[in-house]
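Read through the structure below, which is laid out as structure tokens, and then see the notes.
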Amino acid sequence: MSNLGILYGLGVGPGDPELITVKAFRVIQESPVIAYPKKLKGSKSYAHRIVDVYINPEEKDMLGLVFPMTKDEAVLEREWTKSVELVYGKLKEGKDVAFVTEGDPLLYSTFIHMMKLMQDMHPEVEIQTVPGISSFNGSASRLGIALADGDDRVAIVPAYDNYDAMREAIESHDAVVFIKVAKVIDLMLEVLRDLDLLDKASVVTKVTSDEEIIWDVRELDGVDLEYLTLMVVRK
């Protein structure tokens with residue numbers, strides 16, 4: 001099976017194209033196939049836009065993969081299986097496939113599920129990952145916030161609709177980065193007010209990208225935030 005291509009999980013950073021690694025750049029240049037999450041409406045995915053500047057689509061086989069945002073298990077299994085088989089078809093031709101994902105490929109990434117399914121369905125495929133700068137690193141840099149020093153405890157927490165859990169995360173850590181915060185922003189503001197930590201929180205959308213927005217936390221009540229928004233709470 002040595003004629004199989006290699007599947008790369010490529011972290012391309014939080015948004016700024018200059019924040020991809022030299023290794024990620026090299027793999028993009030050397031891989032004949034670039035796989036990326038594709039939106040149904042045809043607009044470019046976030047990861048695709050990050051690497052756009054480095055890719056001539058006429059020289060690459062651009063493989064858009066649809067990952068539906070649904071909880072319907074049957075739909076998910078069907079679409080994921082289809083995506084894995086599309087990638088495997090390219091690997092079987094002896095072509096390396098670079099699957100680009102924002103942030104890091106092994107931290108809350110679409111690539112994790114791709115990797116697990118490929119390992120289950122085609123265990124002979126060689127899989128390599130290239131780490132990337134995550135959004136919480138980008139946020140610390142853009143906000144000028146030191147996330148940890150000395151023995152400080154840091155948490156990365158997917159925000160969800162549970163007041164007690166969100167409060168406990170803040171109370172038991174020196175710094176918390178809440179990802180996926182958009183859908184529960186009002187709850188998070190309530191927690192911050194109750195803990196008197198509103199002035200210790202920062203919220204940023206699409207950090208480091210040319211669409212970045214750094215919000216005034218005190219003006220976020222009822223605001224409809226984009227999915228790629230996170231909150232940093234540093235006590």
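Identifiers in the structure tokens: chain A, B, ... in order shown; residue index from 1 per chain; ligand index from 1 in order shown.
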
Which of region 51-217 of chain A end up as helix (DSSP H, G or I) when DSSP is run on this backbone - answer as a ChimeraX atom specification? /A:51-54,73-92,110-121,135-143,163-171,182-194,198-200,217

Spatial neighbours of Glu168 (chain A), max dist 12 Å, only C-alpha atoms, sep filter under 3 positions, as a PyMOL selection string: chain A and resi 155+157+162-165+171-174+176+188+191-192+195

I'd like a table as a Markdown table: residues in region 12-72 of chain A with an atom no more than 12 Å from region 197-207 of chain A, each row giving the shortest atom pair and its distance in Å to one decimal, only C-alpha atoms counted, sorted by chain and rising residue number.
```
| residue | atom | partner | partner_atom | distance |
| --- | --- | --- | --- | --- |
| A:Gly13 | CA | A:Val207 | CA | 10.0 |
| A:Pro14 | CA | A:Val207 | CA | 6.4 |
| A:Gly15 | CA | A:Val207 | CA | 6.4 |
| A:Asp16 | CA | A:Val207 | CA | 8.1 |
| A:Pro17 | CA | A:Val207 | CA | 11.8 |
| A:Leu19 | CA | A:Val207 | CA | 11.5 |
| A:Tyr46 | CA | A:Lys206 | CA | 9.2 |
| A:Ala47 | CA | A:Lys206 | CA | 11.4 |
| A:Ile50 | CA | A:Lys206 | CA | 11.2 |
```

Which residues in region 80-164 of chain A does DSSP call strand (DSSP E)? List them as a list in words. Val97, Ala98, Phe99, Val100, Thr101, Ile127, Gln128, Thr129, Val130, Val154, Ala155, Ile156, Val157 and Pro158 of chain A

Shell around Pro105 (chain A) at 10 Å using only C-alpha atoms, local window under 6 positions removed, as JSON, numbers by chain: {"A": [8, 9, 10, 11, 12, 13, 99, 111, 112, 115, 129, 130, 131, 132, 133, 134]}

Could you write out the selected residues, including N, CA and C atoms, as a compact mmCIF listing (two decimals), in the first residue's frame?
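After the write, result-v9.txt holds the following:
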```
# COMPACT_ATOMS: atom_id res chain seq x y z
N TYR A 8 -2.80 14.85 5.36
CA TYR A 8 -2.29 15.84 6.32
C TYR A 8 -3.45 16.61 6.94
N GLY A 9 -3.46 16.72 8.25
CA GLY A 9 -4.34 17.65 8.95
C GLY A 9 -3.55 18.91 9.20
N LEU A 10 -3.94 20.00 8.55
CA LEU A 10 -3.10 21.18 8.49
C LEU A 10 -3.72 22.33 9.28
N GLY A 11 -3.13 22.67 10.41
CA GLY A 11 -3.58 23.84 11.14
C GLY A 11 -3.11 25.10 10.46
N VAL A 12 -4.03 25.99 10.09
CA VAL A 12 -3.64 27.20 9.35
C VAL A 12 -3.84 28.47 10.17
N GLY A 13 -3.98 28.31 11.49
CA GLY A 13 -4.01 29.47 12.36
C GLY A 13 -5.37 30.11 12.53
N PHE A 99 -5.66 18.65 4.32
CA PHE A 99 -6.96 19.08 4.83
C PHE A 99 -6.72 20.30 5.71
N PHE A 111 -11.14 18.24 11.63
CA PHE A 111 -10.22 17.18 11.19
C PHE A 111 -10.21 15.99 12.15
N ILE A 112 -10.50 16.20 13.41
CA ILE A 112 -10.45 15.10 14.38
C ILE A 112 -11.38 13.97 13.95
N MET A 115 -10.09 12.24 10.81
CA MET A 115 -8.98 11.35 11.14
C MET A 115 -9.48 10.02 11.73
N THR A 129 -0.23 15.25 11.16
CA THR A 129 -0.83 16.55 11.48
C THR A 129 0.27 17.60 11.61
N VAL A 130 -0.08 18.82 11.24
CA VAL A 130 0.82 19.97 11.39
C VAL A 130 0.13 20.94 12.34
N PRO A 131 0.70 21.13 13.53
CA PRO A 131 0.03 21.98 14.51
C PRO A 131 -0.08 23.42 14.04
N GLY A 132 -1.10 24.11 14.53
CA GLY A 132 -1.32 25.50 14.15
C GLY A 132 -1.57 26.37 15.36
N ILE A 133 -1.45 27.66 15.18
CA ILE A 133 -1.74 28.63 16.24
C ILE A 133 -3.26 28.67 16.44
N SER A 134 -3.69 28.49 17.67
CA SER A 134 -5.12 28.46 17.97
C SER A 134 -5.68 29.86 18.22
```

Hey, what's within 12 Å of region 220-229 of chain A if we count only C-alpha atoms and toss same-chain stuff fewer than 3 positions away? As a PyMOL selection string, please? chain A and resi 14-15+45-47+102-103+135-136+139+158-159+177-190+193+198+201-209+211-217+232

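Atom pair CA of Ala175 (chain A) / CA of Tyr108 (chain A): separated by 18.8 Å.
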
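The environment of Pro32 (chain A) within 8 Å, counting only C-alpha atoms and disregarding residues fewer than 2 places along the same chain, consists of Gln29, Glu30, Ile34, Glu59, Lys60, Asp61, Lys95, Asp96 and Val97 of chain A.
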
Please produce a file of the residues just selected, as an mmCIF file, in the first residue's frame, where the atoms kept are N, CA and C atoms.
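This went into part14.cif:
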```cif
data_model
loop_
_atom_site.group_PDB
_atom_site.id
_atom_site.type_symbol
_atom_site.label_atom_id
_atom_site.label_comp_id
_atom_site.auth_asym_id
_atom_site.auth_seq_id
_atom_site.Cartn_x
_atom_site.Cartn_y
_atom_site.Cartn_z
ATOM 1 N N GLN A 29 2.193 23.783 -0.497
ATOM 2 C CA GLN A 29 2.860 23.869 -1.790
ATOM 3 C C GLN A 29 3.070 22.496 -2.420
ATOM 4 N N GLU A 30 3.369 21.496 -1.588
ATOM 5 C CA GLU A 30 3.744 20.173 -2.095
ATOM 6 C C GLU A 30 2.559 19.239 -2.312
ATOM 7 N N ILE A 34 -5.952 19.915 -2.093
ATOM 8 C CA ILE A 34 -6.271 20.714 -0.910
ATOM 9 C C ILE A 34 -7.736 20.445 -0.559
ATOM 10 N N GLU A 59 -3.659 25.143 -10.161
ATOM 11 C CA GLU A 59 -2.568 24.179 -10.004
ATOM 12 C C GLU A 59 -2.908 23.090 -8.995
ATOM 13 N N LYS A 60 -4.007 23.248 -8.279
ATOM 14 C CA LYS A 60 -4.373 22.299 -7.229
ATOM 15 C C LYS A 60 -5.724 21.656 -7.531
ATOM 16 N N ASP A 61 -5.890 20.470 -7.006
ATOM 17 C CA ASP A 61 -7.195 19.812 -7.012
ATOM 18 C C ASP A 61 -7.899 20.257 -5.731
ATOM 19 N N LYS A 95 -1.975 10.540 -4.398
ATOM 20 C CA LYS A 95 -1.853 11.973 -4.158
ATOM 21 C C LYS A 95 -1.933 12.287 -2.663
ATOM 22 N N ASP A 96 -1.034 13.144 -2.203
ATOM 23 C CA ASP A 96 -1.139 13.645 -0.828
ATOM 24 C C ASP A 96 -2.301 14.630 -0.759
ATOM 25 N N VAL A 97 -3.039 14.586 0.356
ATOM 26 C CA VAL A 97 -4.171 15.484 0.571
ATOM 27 C C VAL A 97 -3.904 16.334 1.808
#
```

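Distance check against Arg167 (chain A) using only C-alpha atoms: of A:Val87, A:Val233, A:Met114, A:Leu107, the minimum falls on A:Val233.
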
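Residue nearest Thr110 (chain A), chosen from A:Leu63, A:Val27, A:Ala146, A:Met69 and counting only C-alpha atoms: A:Met69.
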